[in-house]
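Participant: Attaching a single structure in structure tokens format; questions to follow.
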Amino acid sequence: GAGVSQSPSNKVTEKGKDVELRCDPISGHTALYWYRQSLGQGLEFLIYFQGNSAPDKSGLPSDRFSAERTGGSVSTLTIQRTQQEDSAVYLCASSYLNEQFFGPGTRLTVL
Amino acid sequence: GENVEQHPSTLSVQEGDSAVIKCTYSDSASNYFPWYKQELGKGPQLIIDIRSNVGEKKDQRIAVTLNKTAKHFSLHITETQPEDSAVYFCAASQGTGTASKLTFGTGTRLQVTL
């Protein structure tokens with residue numbers, strides 16, 4: 001069946017611009033997560049949504065980062081006024097219970 | 001919050017040998033421990049997981065052990081093959097039976113040589 005999909009696969013932007021990253025979770029999965037993976041590093045939790053509950057935003061590094069999940073399905077991660085340190089791979093995952101299934105990620109490069 | 005440490009950062013083994021990767025966690029409330037394999041340019045793929053009510057779990061050539069008292073868990077790969085070469089991540093969360101964020105280790109790059 002279809003897995004988690006993310007778009008775009010690559011995004012190059014200039015410092016100061018806003019970017020939007022999209023995640024389509026596996027159908028039926030009630031939880032959706034965003035993680036960030038800097039070059040050669042582990043995965044850093046950003047935010048997660050669980051059903052209709054308020055999202056856990058405890059991992060967002062600054063107020064330039066925000067995310068929403070519309071209709072309990074698709075999610076968009078928005079980074080405003082991008083900085084060079086925002087360059088990383090942004091990974092989305094979804095789950096029904098514990099097991100999280102990851103998408104291929106969006107590689108963001110801020111010039 | 002939870003902190004997960006992972007060792008070694010790189011591991012090179014000959015084909016057919018075993019590989020062991022070890023992780024420790026800090027939060028005794030953590031109760032779910034997955035392992036992920038990440039190949040170049042791809043997202044992490046879940047390969048095996050263990051819950052805190054179990055001490056060991058095996059799936060073909062892969063096994064995971066958990067010591068709750070010592071707060072450490074390990075991944076064992078036997079009869080390694082070249083296709084096992086990848087980066088492996090351990091993780092921990094508090095969400096048995098429910099969704100919960102994962103705290104990841106820093107990864108182990110495994111290289112299986114012929």
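Order determines the names: the first chain of the structure tokens is A, the second B, and so forth; residues in each chain are numbered 1 upward, and ligands are numbered 1 upward as they are shown.
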With only C-alpha atoms considered, list every residue of chain A at most 6 Å from chain B, as number ranges by chain.
Facilitator: A: 41-43, 97-98, 102-104
Participant: Do you know which residues are at most 10 Å from Gly72 of chain A counting only C-alpha atoms, after dropping those on the same chain fewer than 6 positions away, and could you put them as JSON, numbers by chain?
Facilitator: {"A": [25, 28, 29, 30, 31, 32, 49, 50, 51, 52]}
Participant: Find, counting only C-alpha atoms, the residue in A:Val74, A:Ile79, A:Val12, A:Leu39 that gets nearest to Leu111 of chain A.
Facilitator: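 Closest to Leu111 of chain A of all the choices is A:Val12.
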Participant: Extract, using only C-alpha atoms, all DNA, RNA and protein residues at most 7 Å from Glu44 of chain A, discarding same-chain residues fewer than 6 positions from it, and format them as a PyMOL selection string.
Facilitator: chain A and resi 35-37
Participant: Keeping C-alpha atoms, export the residues of the selection given above as a short mmCIF file (atom, residue, chain, number, x, y, z; two decimals), in the first residue's frame.
Facilitator:
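Output below, filename result27.cif:
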```cif
data_model
loop_
_atom_site.label_atom_id
_atom_site.label_comp_id
_atom_site.auth_asym_id
_atom_site.auth_seq_id
_atom_site.Cartn_x
_atom_site.Cartn_y
_atom_site.Cartn_z
CA TYR A 35 11.52 15.38 12.73
CA ARG A 36 14.63 17.16 11.50
CA GLN A 37 17.90 15.46 10.53
#
```
Participant: Of the candidates B:Val64, B:Ala86, B:Val112, B:Ile21, which shows the shortest atom-to-atom distance to Gln38 of chain B, using only C-alpha atoms?
Facilitator: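 Of all the options, B:Ala86 lies closest to Gln38 of chain B.
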Participant: So how many Å separate atom CA of Ala54 of chain A and atom CA of Glu99 of chain A, to one decimal?
Facilitator: 20.7 Å
Participant: Give the strand (DSSP E) residues of chain A, as DSSP finds them on the backbone, and put them as number ranges by chain.
Facilitator: A: 5-7, 10-13, 19-24, 31-37, 43-50, 65-69, 75-79, 88-95, 101-102, 106-110
Participant: What is the atom CA of Ser5 of chain A-atom CA of Thr109 of chain A distance in Å, reported with one decimal?
Facilitator: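 Atom CA of Thr109 of chain A lies 19.4 Å from atom CA of Ser5 of chain A.
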Participant: Pick out the closest residue to Val20 of chain B from this set: B:Lys37, B:Ala70, B:Thr80, B:Ser52. Count only C-alpha atoms.
Facilitator: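 Using only C-alpha atoms, the shortest distance to Val20 of chain B belongs to B:Thr80.
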Participant: Which of these residues is nearest to Leu114 of chain B, using only C-alpha atoms: B:Gly16, B:Leu40, B:Thr10, B:Ile77?
Facilitator: B:Gly16
Participant: Any idea what's packed within 10 Å of Ala2 of chain A, counting only C-alpha atoms, ignoring anything in its chain fewer than 6 positions away? Could you give it as a compact mmCIF listing (two decimals) with all heavy atoms, in the first residue's frame?
Facilitator:
```
# COMPACT_ATOMS: atom_id res chain seq x y z
N ASP A 24 1.98 13.75 3.43
CA ASP A 24 0.76 12.96 3.30
C ASP A 24 0.94 11.66 4.07
O ASP A 24 1.74 10.81 3.64
CB ASP A 24 0.46 12.65 1.83
CG ASP A 24 -0.12 13.83 1.10
OD1 ASP A 24 0.66 14.64 0.57
OD2 ASP A 24 -1.35 13.93 1.07
N PRO A 25 0.25 11.48 5.18
CA PRO A 25 0.48 10.28 6.00
C PRO A 25 -0.21 9.06 5.41
O PRO A 25 -0.97 9.16 4.43
CB PRO A 25 -0.18 10.67 7.33
CG PRO A 25 -1.29 11.58 6.92
CD PRO A 25 -0.77 12.36 5.74
N ILE A 26 0.06 7.93 6.00
CA ILE A 26 -0.62 6.68 5.62
C ILE A 26 -2.09 6.79 6.02
O ILE A 26 -2.40 7.24 7.14
CB ILE A 26 0.05 5.47 6.29
CG1 ILE A 26 1.48 5.30 5.74
CG2 ILE A 26 -0.76 4.20 6.08
CD1 ILE A 26 2.31 4.25 6.45
N SER A 27 -2.96 6.40 5.11
CA SER A 27 -4.40 6.49 5.37
C SER A 27 -4.77 5.71 6.64
O SER A 27 -4.35 4.56 6.81
CB SER A 27 -5.16 5.93 4.17
OG SER A 27 -6.56 5.95 4.41
```
Participant: So, counting only C-alpha atoms, which residue among A:Ser53, A:Val19, A:Ser58, A:Tyr48 is closest to Gly1 of chain B?
Facilitator: A:Ser58
Participant: Nearest to Val4 of chain B: which of B:Ala29, B:Ala92, B:Ile47, B:Ala63 is it, counting only C-alpha atoms?
Facilitator: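 For Val4 of chain B, the nearest of the candidates is B:Ala92.
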Participant: Would you mind reading off the distance between atom CA of Asn3 of chain B and atom CA of Phe45 of chain A, one decimal, in Å?
Facilitator: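 Separating atom CA of Asn3 of chain B from atom CA of Phe45 of chain A is a distance of 12.2 Å.
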Participant: Residues near Pro82 of chain B, anyone? I mean within 12 Å using only C-alpha atoms, not counting same-chain ones fewer than 6 positions away, as a PyMOL selection string.
Facilitator: chain B and resi 12-17+110-114
Participant: Which neighbours of segment 23-25 of chain B fall inside 7 Å, counting only C-alpha atoms, when residues of the same chain fewer than 6 positions from it are skipped, and could you give them as a list in words?
Facilitator: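 Using only C-alpha atoms, the neighbours found are Glu2, Asn3, Val4, Glu5, Gln6, His7, Lys71, His72, Phe73, Ser74 and Cys90 of chain B.
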